[in-house]
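Next comes my_file.cif, a file with mmCIF, C-alpha atoms.
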data_structure
#
loop_
_atom_site.group_PDB
_atom_site.id
_atom_site.type_symbol
_atom_site.label_atom_id
_atom_site.label_comp_id
_atom_site.auth_asym_id
_atom_site.auth_seq_id
_atom_site.Cartn_x
_atom_site.Cartn_y
_atom_site.Cartn_z
ATOM 1 C CA MET A 185 43.340 -30.513 -16.016
ATOM 2 C CA HIS A 186 43.134 -27.141 -14.295
ATOM 3 C CA PRO A 187 40.872 -26.849 -11.224
ATOM 4 C CA LEU A 188 37.408 -25.364 -11.689
ATOM 5 C CA ILE A 189 35.526 -23.067 -9.369
ATOM 6 C CA LYS A 190 31.997 -21.690 -9.608
ATOM 7 C CA SER A 191 31.038 -18.044 -9.874
ATOM 8 C CA CYS A 192 27.530 -16.827 -10.678
ATOM 9 C CA GLY A 193 26.705 -20.305 -11.971
ATOM 10 C CA ARG A 194 29.643 -20.307 -14.420
ATOM 11 C CA ASP A 195 32.532 -22.776 -14.492
ATOM 12 C CA ILE A 196 35.776 -20.854 -14.046
ATOM 13 C CA ARG A 197 39.211 -22.318 -14.800
ATOM 14 C CA VAL A 198 42.144 -21.120 -12.660
ATOM 15 C CA GLN A 199 45.720 -21.446 -13.946
ATOM 16 C CA GLY A 200 49.078 -20.654 -12.409
ATOM 17 C CA ARG A 201 50.706 -20.991 -9.006
ATOM 18 C CA LEU A 202 52.397 -17.671 -8.229
ATOM 19 C CA LEU A 203 50.117 -15.634 -10.494
ATOM 20 C CA ARG A 204 46.621 -17.119 -10.572
ATOM 21 C CA ILE A 205 44.683 -16.202 -13.701
ATOM 22 C CA ALA A 206 41.040 -17.206 -14.132
ATOM 23 C CA CYS A 207 38.815 -17.395 -17.191
ATOM 24 C CA LEU A 208 35.638 -19.137 -18.276
ATOM 25 C CA ASP A 209 36.204 -22.859 -18.700
ATOM 26 C CA ALA A 210 34.887 -22.426 -22.250
ATOM 27 C CA ASP A 211 36.822 -19.209 -22.905
ATOM 28 C CA LYS A 212 36.503 -18.127 -26.586
ATOM 29 C CA TYR A 213 33.464 -20.410 -26.973
ATOM 30 C CA GLN A 214 31.139 -18.978 -24.328
ATOM 31 C CA PHE A 215 31.077 -15.420 -23.069
ATOM 32 C CA VAL A 216 30.252 -13.078 -20.189
ATOM 33 C CA ASP A 217 27.520 -10.577 -21.009
ATOM 34 C CA ASP A 218 27.531 -8.968 -17.552
ATOM 35 C CA PRO A 219 30.928 -9.436 -15.871
ATOM 36 C CA GLU A 220 30.176 -7.745 -12.525
ATOM 37 C CA PRO A 221 28.255 -10.658 -10.934
ATOM 38 C CA VAL A 222 31.021 -13.044 -12.009
ATOM 39 C CA LEU A 223 33.698 -10.755 -10.568
ATOM 40 C CA ASP A 224 31.774 -10.390 -7.324
ATOM 41 C CA GLY A 225 31.499 -14.160 -7.066
ATOM 42 C CA LEU A 226 35.243 -14.584 -7.608
ATOM 43 C CA ARG A 227 36.019 -12.084 -4.850
ATOM 44 C CA LYS A 228 33.859 -14.109 -2.431
ATOM 45 C CA CYS A 229 34.669 -17.666 -3.584
ATOM 46 C CA GLY A 230 37.432 -18.355 -1.035
ATOM 47 C CA THR A 231 40.009 -19.164 -3.734
ATOM 48 C CA ARG A 232 42.688 -16.615 -4.545
ATOM 49 C CA VAL A 233 42.312 -15.240 -8.062
ATOM 50 C CA ASP A 234 44.689 -12.461 -9.114
ATOM 51 C CA LEU A 235 43.367 -11.733 -12.605
ATOM 52 C CA PHE A 236 40.129 -12.573 -14.372
ATOM 53 C CA THR A 237 40.250 -12.433 -18.160
ATOM 54 C CA PHE A 238 37.433 -12.646 -20.684
ATOM 55 C CA MET A 239 36.931 -11.873 -24.352
ATOM 56 C CA GLN A 240 34.149 -9.751 -25.787
ATOM 57 C CA LYS A 241 31.840 -11.732 -28.046
ATOM 58 C CA LEU A 242 31.078 -11.284 -31.719
ATOM 59 C CA PRO A 243 30.084 -9.198 -33.548
ATOM 60 C CA GLU A 244 30.904 -6.252 -31.254
ATOM 61 C CA THR A 245 34.518 -5.284 -31.902
ATOM 62 C CA ALA A 246 34.513 -1.895 -30.117
ATOM 63 C CA PRO A 247 35.208 -2.068 -26.346
ATOM 64 C CA LYS A 248 32.030 -2.191 -24.229
ATOM 65 C CA PHE A 249 33.607 -2.191 -20.768
ATOM 66 C CA ARG A 250 36.031 0.060 -18.919
ATOM 67 C CA TYR A 251 38.299 -2.699 -17.614
ATOM 68 C CA PRO A 252 41.968 -2.922 -18.655
ATOM 69 C CA MET A 253 42.146 -4.625 -22.029
ATOM 70 C CA GLU A 254 44.407 -5.828 -24.819
ATOM 71 C CA PRO A 255 43.532 -6.896 -28.368
ATOM 72 C CA ASP A 256 42.898 -10.584 -29.020
ATOM 73 C CA ASN A 257 41.603 -12.275 -32.147
ATOM 74 C CA LEU A 258 39.502 -15.104 -33.542
ATOM 75 C CA ALA A 259 39.482 -16.850 -36.902
ATOM 76 C CA VAL A 260 35.919 -16.126 -38.046
ATOM 77 C CA LEU A 261 33.854 -17.227 -41.004
ATOM 78 C CA ALA A 262 30.702 -15.202 -41.623
ATOM 79 C CA VAL A 263 28.020 -17.747 -42.572
ATOM 80 C CA SER A 264 24.899 -17.046 -44.630
ATOM 81 C CA THR A 265 24.286 -20.089 -46.812
ATOM 82 C CA PHE A 266 26.434 -23.070 -47.706
ATOM 83 C CA ASP A 267 26.199 -22.143 -51.388
ATOM 84 C CA HIS A 268 27.545 -18.652 -50.656
ATOM 85 C CA TRP A 269 30.538 -20.151 -48.828
ATOM 86 C CA TRP A 270 31.097 -22.678 -51.616
ATOM 87 C CA THR A 271 30.922 -20.197 -54.497
ATOM 88 C CA LYS A 272 32.076 -16.889 -52.968
ATOM 89 C CA GLN A 273 34.226 -17.472 -49.883
ATOM 90 C CA VAL A 274 36.591 -20.262 -50.962
ATOM 91 C CA ASP A 275 38.568 -20.844 -54.128
ATOM 92 C CA ALA A 276 38.689 -23.738 -56.586
ATOM 93 C CA LYS A 277 41.538 -25.446 -54.715
ATOM 94 C CA THR A 278 39.534 -25.693 -51.505
ATOM 95 C CA ARG A 279 36.442 -26.903 -53.354
ATOM 96 C CA ASN A 280 38.568 -29.568 -55.019
ATOM 97 C CA MET A 281 39.854 -30.733 -51.630
ATOM 98 C CA VAL A 282 36.286 -31.198 -50.370
ATOM 99 C CA ARG A 283 35.395 -33.083 -53.568
ATOM 100 C CA LYS A 284 38.534 -35.165 -53.134
ATOM 101 C CA ALA A 285 37.375 -36.367 -49.716
ATOM 102 C CA GLU A 286 34.058 -37.490 -51.208
ATOM 103 C CA LYS A 287 35.720 -39.203 -54.174
ATOM 104 C CA LYS A 288 38.095 -41.050 -51.837
ATOM 105 C CA GLY A 289 35.120 -42.445 -49.932
ATOM 106 C CA VAL A 290 35.093 -40.185 -46.857
ATOM 107 C CA VAL A 291 31.618 -39.893 -45.322
ATOM 108 C CA VAL A 292 30.958 -36.959 -42.981
ATOM 109 C CA ARG A 293 27.998 -36.792 -40.621
ATOM 110 C CA GLU A 294 26.856 -35.568 -37.241
ATOM 111 C CA VAL A 295 27.366 -38.287 -34.648
ATOM 112 C CA ALA A 296 26.083 -38.955 -31.150
ATOM 113 C CA PHE A 297 28.473 -38.714 -28.219
ATOM 114 C CA ASP A 298 28.868 -42.314 -27.106
ATOM 115 C CA ASP A 299 31.501 -44.944 -26.330
ATOM 116 C CA ALA A 300 32.109 -45.709 -30.010
ATOM 117 C CA LEU A 301 32.860 -42.046 -30.779
ATOM 118 C CA VAL A 302 35.162 -41.716 -27.775
ATOM 119 C CA LYS A 303 37.086 -44.828 -28.825
ATOM 120 C CA GLY A 304 37.551 -43.344 -32.296
ATOM 121 C CA ILE A 305 38.722 -40.008 -30.861
ATOM 122 C CA TRP A 306 41.134 -41.851 -28.546
ATOM 123 C CA GLU A 307 42.632 -43.659 -31.549
ATOM 124 C CA ILE A 308 43.050 -40.372 -33.440
ATOM 125 C CA TYR A 309 44.713 -38.716 -30.445
ATOM 126 C CA ASN A 310 47.135 -41.612 -29.998
ATOM 127 C CA GLU A 311 48.196 -41.908 -33.638
ATOM 128 C CA THR A 312 51.296 -39.730 -33.341
ATOM 129 C CA PRO A 313 53.236 -38.110 -30.465
ATOM 130 C CA VAL A 314 53.986 -34.942 -32.472
ATOM 131 C CA ARG A 315 51.632 -32.602 -34.342
ATOM 132 C CA GLN A 316 52.634 -29.397 -36.083
ATOM 133 C CA GLY A 317 56.197 -29.706 -34.796
ATOM 134 C CA LYS A 318 55.356 -29.879 -31.090
ATOM 135 C CA PRO A 319 54.273 -32.571 -28.641
ATOM 136 C CA ASN A 320 50.723 -33.807 -29.121
ATOM 137 C CA SER A 321 49.130 -32.964 -25.761
ATOM 138 C CA HIS A 322 46.534 -35.728 -26.187
ATOM 139 C CA TYR A 323 49.022 -38.501 -26.975
ATOM 140 C CA GLY A 324 49.144 -41.225 -24.330
ATOM 141 C CA LYS A 325 45.856 -40.334 -22.643
ATOM 142 C CA ASP A 326 43.740 -43.273 -21.559
ATOM 143 C CA ILE A 327 40.230 -43.651 -22.877
ATOM 144 C CA ARG A 328 38.598 -42.560 -19.592
ATOM 145 C CA THR A 329 40.462 -39.255 -19.689
ATOM 146 C CA VAL A 330 39.418 -38.668 -23.298
ATOM 147 C CA TYR A 331 35.797 -39.423 -22.380
ATOM 148 C CA ALA A 332 35.873 -36.953 -19.478
ATOM 149 C CA GLU A 333 37.387 -34.189 -21.612
ATOM 150 C CA GLU A 334 35.003 -34.626 -24.528
ATOM 151 C CA ALA A 335 31.941 -34.906 -22.265
ATOM 152 C CA THR A 336 32.173 -31.256 -21.181
ATOM 153 C CA PHE A 337 29.539 -28.721 -22.315
ATOM 154 C CA PRO A 338 27.088 -31.448 -23.372
ATOM 155 C CA GLU A 339 24.132 -29.117 -23.910
ATOM 156 C CA SER A 340 25.982 -26.933 -26.412
ATOM 157 C CA SER A 341 28.241 -29.463 -28.204
ATOM 158 C CA VAL A 342 27.712 -31.152 -31.568
ATOM 159 C CA PHE A 343 30.162 -33.752 -32.895
ATOM 160 C CA ILE A 344 30.917 -34.276 -36.587
ATOM 161 C CA GLY A 345 32.709 -37.424 -37.699
ATOM 162 C CA ALA A 346 34.655 -38.163 -40.889
ATOM 163 C CA TYR A 347 34.529 -41.889 -41.654
ATOM 164 C CA PHE A 348 36.428 -44.086 -44.085
ATOM 165 C CA ASN A 349 35.301 -47.708 -44.393
ATOM 166 C CA ASP A 350 33.186 -47.108 -41.275
ATOM 167 C CA SER A 351 36.261 -46.112 -39.220
ATOM 168 C CA LEU A 352 36.578 -42.638 -37.689
ATOM 169 C CA ILE A 353 39.528 -40.835 -39.321
ATOM 170 C CA GLY A 354 38.727 -37.300 -38.176
ATOM 171 C CA PHE A 355 36.293 -35.372 -36.024
ATOM 172 C CA ALA A 356 35.187 -31.858 -35.180
ATOM 173 C CA ARG A 357 33.386 -30.616 -32.113
ATOM 174 C CA LEU A 358 31.235 -27.513 -32.422
ATOM 175 C CA VAL A 359 30.383 -25.622 -29.239
ATOM 176 C CA GLN A 360 27.585 -23.062 -29.479
ATOM 177 C CA ASP A 361 27.741 -19.888 -27.419
ATOM 178 C CA GLY A 362 24.210 -20.135 -26.035
ATOM 179 C CA THR A 363 22.829 -17.112 -27.885
ATOM 180 C CA GLY A 364 22.890 -18.515 -31.415
ATOM 181 C CA THR A 365 25.579 -16.029 -32.429
ATOM 182 C CA GLN A 366 28.535 -18.320 -33.007
ATOM 183 C CA ALA A 367 29.662 -21.935 -33.057
ATOM 184 C CA GLY A 368 33.303 -22.549 -32.246
ATOM 185 C CA MET A 369 35.334 -25.556 -33.330
ATOM 186 C CA MET A 370 36.724 -26.643 -29.970
ATOM 187 C CA ASN A 371 38.324 -29.679 -31.649
ATOM 188 C CA ILE A 372 39.088 -30.533 -35.250
ATOM 189 C CA VAL A 373 41.609 -33.330 -35.693
ATOM 190 C CA SER A 374 42.240 -35.884 -38.433
ATOM 191 C CA MET A 375 44.568 -38.851 -38.762
ATOM 192 C CA VAL A 376 47.867 -38.096 -40.450
ATOM 193 C CA CYS A 377 47.809 -41.449 -42.260
ATOM 194 C CA HIS A 378 44.593 -40.407 -44.045
ATOM 195 C CA ARG A 379 45.668 -36.886 -45.007
ATOM 196 C CA ASP A 380 45.555 -37.887 -48.688
ATOM 197 C CA LYS A 381 41.760 -38.055 -48.349
ATOM 198 C CA ALA A 382 41.431 -34.425 -47.092
ATOM 199 C CA PRO A 383 39.171 -35.272 -44.123
ATOM 200 C CA THR A 384 39.833 -31.943 -42.392
ATOM 201 C CA ASN A 385 38.545 -30.025 -45.403
ATOM 202 C CA ALA A 386 35.420 -32.186 -45.403
ATOM 203 C CA LEU A 387 34.868 -31.543 -41.698
ATOM 204 C CA VAL A 388 35.094 -27.772 -42.179
ATOM 205 C CA ALA A 389 32.626 -27.936 -45.071
ATOM 206 C CA HIS A 390 30.144 -29.874 -42.950
ATOM 207 C CA ALA A 391 30.573 -27.417 -40.063
ATOM 208 C CA VAL A 392 29.700 -24.568 -42.443
ATOM 209 C CA ARG A 393 26.613 -26.477 -43.597
ATOM 210 C CA CYS A 394 25.547 -27.020 -39.975
ATOM 211 C CA CYS A 395 25.837 -23.318 -39.114
ATOM 212 C CA ALA A 396 23.884 -22.374 -42.243
ATOM 213 C CA ASP A 397 21.136 -24.859 -41.375
ATOM 214 C CA TRP A 398 20.992 -23.700 -37.747
ATOM 215 C CA GLY A 399 20.966 -19.994 -38.634
ATOM 216 C CA ILE A 400 24.226 -19.328 -36.755
ATOM 217 C CA PRO A 401 25.967 -16.369 -38.429
ATOM 218 C CA TYR A 402 29.566 -17.025 -37.294
ATOM 219 C CA LEU A 403 31.739 -20.131 -37.370
ATOM 220 C CA VAL A 404 34.913 -19.717 -35.303
ATOM 221 C CA TYR A 405 38.113 -21.724 -35.684
ATOM 222 C CA ALA A 406 39.974 -20.707 -32.494
ATOM 223 C CA GLY A 407 42.487 -17.866 -32.893
ATOM 224 C CA PHE A 408 43.905 -16.683 -36.199
ATOM 225 C CA THR A 409 47.259 -15.573 -34.817
ATOM 226 C CA TYR A 410 48.943 -16.374 -31.519
ATOM 227 C CA GLY A 411 51.258 -13.884 -29.850
ATOM 228 C CA LYS A 412 53.589 -12.391 -32.462
ATOM 229 C CA LYS A 413 53.382 -15.463 -34.689
ATOM 230 C CA GLN A 414 51.705 -14.327 -37.906
ATOM 231 C CA GLN A 415 52.138 -17.114 -40.458
ATOM 232 C CA ASP A 416 51.989 -20.900 -40.398
ATOM 233 C CA THR A 417 50.298 -23.755 -42.255
ATOM 234 C CA LEU A 418 47.289 -23.728 -39.924
ATOM 235 C CA ALA A 419 46.688 -20.005 -40.515
ATOM 236 C CA ASP A 420 46.964 -20.642 -44.258
ATOM 237 C CA PHE A 421 44.430 -23.472 -43.967
ATOM 238 C CA LYS A 422 41.990 -21.224 -42.146
ATOM 239 C CA ARG A 423 42.406 -18.471 -44.719
ATOM 240 C CA ASN A 424 41.925 -20.894 -47.616
ATOM 241 C CA ASN A 425 38.639 -22.027 -46.034
ATOM 242 C CA GLY A 426 37.285 -18.494 -45.829
ATOM 243 C CA PHE A 427 38.168 -17.595 -42.233
ATOM 244 C CA GLN A 428 39.339 -14.071 -41.489
ATOM 245 C CA GLN A 429 41.037 -12.503 -38.504
ATOM 246 C CA ILE A 430 38.648 -10.502 -36.329
ATOM 247 C CA ASP A 431 40.204 -8.489 -33.507
ATOM 248 C CA LEU A 432 38.220 -8.322 -30.275
ATOM 249 C CA PRO A 433 38.904 -6.801 -26.855
ATOM 250 C CA ARG A 434 40.256 -9.139 -24.183
ATOM 251 C CA TYR A 435 39.781 -7.732 -20.694
ATOM 252 C CA TYR A 436 42.030 -8.332 -17.705
ATOM 253 C CA VAL A 437 40.445 -7.440 -14.376
ATOM 254 C CA PRO A 438 42.875 -7.380 -11.405
ATOM 255 C CA LEU A 439 41.352 -8.804 -8.225
ATOM 256 C CA THR A 440 44.440 -8.544 -6.006
ATOM 257 C CA PRO A 441 47.442 -6.179 -5.750
ATOM 258 C CA LEU A 442 49.563 -8.945 -7.301
ATOM 259 C CA GLY A 443 47.170 -9.076 -10.237
ATOM 260 C CA SER A 444 47.452 -5.316 -10.760
ATOM 261 C CA LEU A 445 51.256 -5.409 -10.633
ATOM 262 C CA ALA A 446 51.486 -8.447 -12.907
ATOM 263 C CA PHE A 447 49.253 -6.840 -15.519
ATOM 264 C CA ARG A 448 51.286 -3.612 -15.499
ATOM 265 C CA LEU A 449 54.510 -5.604 -15.957
ATOM 266 C CA GLY A 450 53.077 -7.857 -18.644
ATOM 267 C CA LEU A 451 53.561 -10.987 -16.555
ATOM 268 C CA HIS A 452 50.193 -12.355 -17.618
ATOM 269 C CA HIS A 453 51.783 -13.271 -20.963
ATOM 270 C CA LYS A 454 53.911 -16.351 -21.578
ATOM 271 C CA LEU A 455 57.643 -15.783 -21.965
ATOM 272 C CA ALA A 456 57.483 -17.038 -25.568
ATOM 273 C CA ASP A 457 54.966 -14.303 -26.425
ATOM 274 C CA ARG A 458 57.396 -11.640 -25.224
ATOM 275 C CA LEU A 459 60.287 -12.775 -27.446
ATOM 276 C CA PRO A 460 60.993 -10.981 -30.744
ATOM 277 C CA GLU A 461 59.336 -12.932 -33.549
ATOM 278 C CA PRO A 462 62.592 -13.782 -35.418
ATOM 279 C CA VAL A 463 63.958 -15.331 -32.209
ATOM 280 C CA ALA A 464 60.682 -17.145 -31.471
ATOM 281 C CA ALA A 465 60.521 -18.493 -35.048
ATOM 282 C CA LYS A 466 64.065 -19.861 -34.780
ATOM 283 C CA LEU A 467 63.224 -21.548 -31.470
ATOM 284 C CA ARG A 468 60.079 -23.085 -32.988
ATOM 285 C CA ASP A 469 62.143 -24.517 -35.853
ATOM 286 C CA LEU A 470 64.672 -25.978 -33.414
ATOM 287 C CA ARG A 471 61.876 -27.448 -31.293
ATOM 288 C CA LYS A 472 60.235 -29.003 -34.333
ATOM 289 C CA SER A 473 63.494 -30.587 -35.504
ATOM 290 C CA TRP A 474 64.279 -31.911 -32.037
ATOM 291 C CA TYR A 475 60.872 -33.525 -31.539
ATOM 292 C CA ASN A 476 60.846 -34.996 -35.032
ATOM 293 C CA ARG A 477 64.209 -36.622 -34.356
ATOM 294 C CA LYS A 478 63.208 -37.736 -30.866
ATOM 295 C CA PHE A 479 60.040 -39.449 -32.019
ATOM 296 C CA SER A 480 61.240 -40.340 -35.546
ATOM 297 C CA VAL A 481 58.291 -38.421 -36.970
ATOM 298 C CA ARG A 482 58.313 -37.507 -40.606
ATOM 299 C CA ASN A 483 57.627 -33.895 -41.501
ATOM 300 C CA GLU A 484 53.961 -34.390 -42.400
ATOM 301 C CA ARG A 485 51.669 -31.726 -43.776
ATOM 302 C CA LEU A 486 48.471 -32.078 -41.767
ATOM 303 C CA PHE A 487 46.421 -29.473 -43.592
ATOM 304 C CA GLU A 488 45.745 -29.664 -47.303
ATOM 305 C CA GLY A 489 43.940 -26.656 -48.702
#

So, in terms of structure tokens, how does the structure I just supplied come out?
Amino acid sequence: MHPLIKSCGRDIRVQGRLLRIACLDADKYQFVDDPEPVLDGLRKCGTRVDLFTFMQKLPETAPKFRYPMEPDNLAVLAVSTFDHWWTKQVDAKTRNMVRKAEKKGVVVREVAFDDALVKGIWEIYNETPVRQGKPNSHYGKDIRTVYAEEATFPESSVFIGAYFNDSLIGFARLVQDGTGTQAGMMNIVSMVCHRDKAPTNALVAHAVRCCADWGIPYLVYAGFTYGKKQQDTLADFKRNNGFQQIDLPRYYVPLTPLGSLAFRLGLHHKLADRLPEPVAAKLRDLRKSWYNRKFSVRNERLFEG
């Protein structure tokens, strides 16, 4: 886990060794309304930070601040009522997947954060070493580590569990932004061996119902696109469930000369994000094949509809 520092009462995560980039620990889930106090705190904190980055929150898509910025995006579902989502925002295929989960015996409900939930999450994380053609970052973690990671942001987190025969086969974690504007799915993971029961579809449907009941107008499913990558099965799944790409400003505020130089040269981006998409796509395919062979993982489709 990356080290955390405090600034203006906010938890800030710092990443990198040569170039040190900071952001909110709950970046994309919680937001900075007034960045100047946070920036002032970072300048005085005693820890070198070269760049501070933050995203502007929904629904304001036009830039509000004069800091250097680049476009970023979220996968956003505008929520009014569950019935509107069910009848207007998704198609018959997606509705059938949600019905399929119910017919197969999947029960979805909000669940308290306790040892039983953590044990179920730990079992889900350790089911397979590869997900979506790349190493599963949670695979091999011990149960204490899983507990510590899932225990963050307790005041704003709600857990939803998908159960089959009283066993947890999938879960989602909603993190509210503190203003009642959005709830972001910080986690949504289901067991590959139960994909025939469409638990992920059922979890999304319950998350929509929760936002409608709470009066939260936006449900967010992380980013819609990443770097130059425009199309994959996860993006298709989000689109099928009514999520749309919303572009928002992401600000990069240099706090040191190195931060200013790095931003001008584009060094704040990963090397993979700077590759031409045809080259990056070929490398992703090679990576997927290599990991599937290494771990003898079948080419599973994790998302249904």

Excluding same-chain residues fewer than 3 positions from His268 in chain A, what lies within 12 Å of it counting only C-alpha atoms, as an mmCIF file with C-alpha atoms, keeping the file's coordinate frame?
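Full text of result.cif as output:
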data_model
loop_
_atom_site.group_PDB
_atom_site.id
_atom_site.type_symbol
_atom_site.label_atom_id
_atom_site.label_comp_id
_atom_site.auth_asym_id
_atom_site.auth_seq_id
_atom_site.Cartn_x
_atom_site.Cartn_y
_atom_site.Cartn_z
ATOM 1 C CA LEU A 261 33.854 -17.227 -41.004
ATOM 2 C CA ALA A 262 30.702 -15.202 -41.623
ATOM 3 C CA VAL A 263 28.020 -17.747 -42.572
ATOM 4 C CA SER A 264 24.899 -17.046 -44.630
ATOM 5 C CA THR A 265 24.286 -20.089 -46.812
ATOM 6 C CA THR A 271 30.922 -20.197 -54.497
ATOM 7 C CA LYS A 272 32.076 -16.889 -52.968
ATOM 8 C CA GLN A 273 34.226 -17.472 -49.883
ATOM 9 C CA VAL A 274 36.591 -20.262 -50.962
ATOM 10 C CA ASP A 275 38.568 -20.844 -54.128
ATOM 11 C CA ALA A 389 32.626 -27.936 -45.071
ATOM 12 C CA VAL A 392 29.700 -24.568 -42.443
ATOM 13 C CA ARG A 393 26.613 -26.477 -43.597
ATOM 14 C CA ALA A 396 23.884 -22.374 -42.243
ATOM 15 C CA GLY A 426 37.285 -18.494 -45.829
#

When you look at Tyr436 in chain A with a cut-off of 7 Å (counting all atoms listed in the file), what residues show up, excluding the ones that are within fewer than 6 positions of it in the same chain? I need them as a ChimeraX atom specification.
/A:235-238,251-253

Skipping near chain neighbours, those fewer than 5 positions away, what residues fall within 10 Å of range 215-228 of chain A using only C-alpha atoms, listed as a ChimeraX atom specification?
/A:189-194,196,206-208,210,233-236,238-242,249,361-363,437-440

Which residues match the PyMOL selection byres ((chain A and resi 433) around 8) in the file above, as an MDAnalysis selection string?
chainID A and resid 239:240 245:247 253:256 431:432 434:435

Counting only C-alpha atoms, find residues at most 12 Å from (53.2, -11.9, -17.6) (file frame) and give them as a count of residues only.
24

For Asp209 in chain A, work out the shell of residues within 6 Å, counting all atoms listed in the file and skipping chain neighbours fewer than 2 positions away, then give it as an MDAnalysis selection string.
chainID A and resid 195:197 211

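Considering the residues A:Val330, A:Ala285, A:Val359, A:Ile344 and counting all atoms listed in the file, Val404 in chain A has its shortest atom-to-atom contact with A:Val359.
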
For range 322-334 of chain A, I'd like the enclosing box, axis-aligned and padded by 8 Å on every side, reported as lines of an AutoDock Vina configuration file with centre and edge lengths in Å to one decimal.
center_x = 42.1
center_y = -38.9
center_z = -23.2
size_x = 30.1
size_y = 25.5
size_z = 23.5

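Taking CA of Trp398 in chain A as the reference point, CA of Ala367 in chain A is found at 10.0 Å.
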
For the file shown, what are the residues hit by the PyMOL selection byres ((chain A and resi 327) around 12), laid out as an MDAnalysis selection string?
chainID A and resid 299:310 322:326 328:334

For Phe408 in chain A, find every residue with an atom within 9 Å (counting only C-alpha atoms), except residues of its own chain fewer than 3 positions away, and show them as number ranges by chain.
A: 257-260, 405, 414, 418-419, 422-423, 427-430

In the coordinate frame of the file, compute which residues have an atom within 12 Å of (34.9, -35.3, -52.0) when using all atoms listed in the file, and state them as number ranges by chain.
A: 278-292, 346, 348, 380-387, 389-390

Compare A:Ala406, A:Leu358, A:Ile372, A:Cys377 by their minimum atom-to-atom distance to Cys394 in chain A, counting all atoms listed in the file, and give me the closest one.
A:Leu358

Give me the result of the PyMOL selection byres ((chain A and resi 400) around 6) on this file, residue by residue, as a PyMOL selection string.
chain A and resi 364-366+395+398-399+401-402

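The space separating CA of Met375 in chain A from CA of Thr336 in chain A comes to 22.8 Å.
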
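Between CA of Ser341 in chain A and CA of Arg357 in chain A there is a distance of 6.6 Å.
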
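You can rank A:Asp350, A:Arg201, A:Ala391, A:Arg250 by their closest distance to Pro187 in chain A using only C-alpha atoms, and at the top of that list sits A:Arg201.
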
Nearest residue to Ile353 in chain A from the set A:Asn371, A:Glu311, A:Lys318, A:Tyr410 (distances using all atoms listed in the file)
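Checking each of A:Asn371, A:Glu311, A:Lys318, A:Tyr410 against Ile353 in chain A, counting all atoms listed in the file, the winner is A:Glu311.
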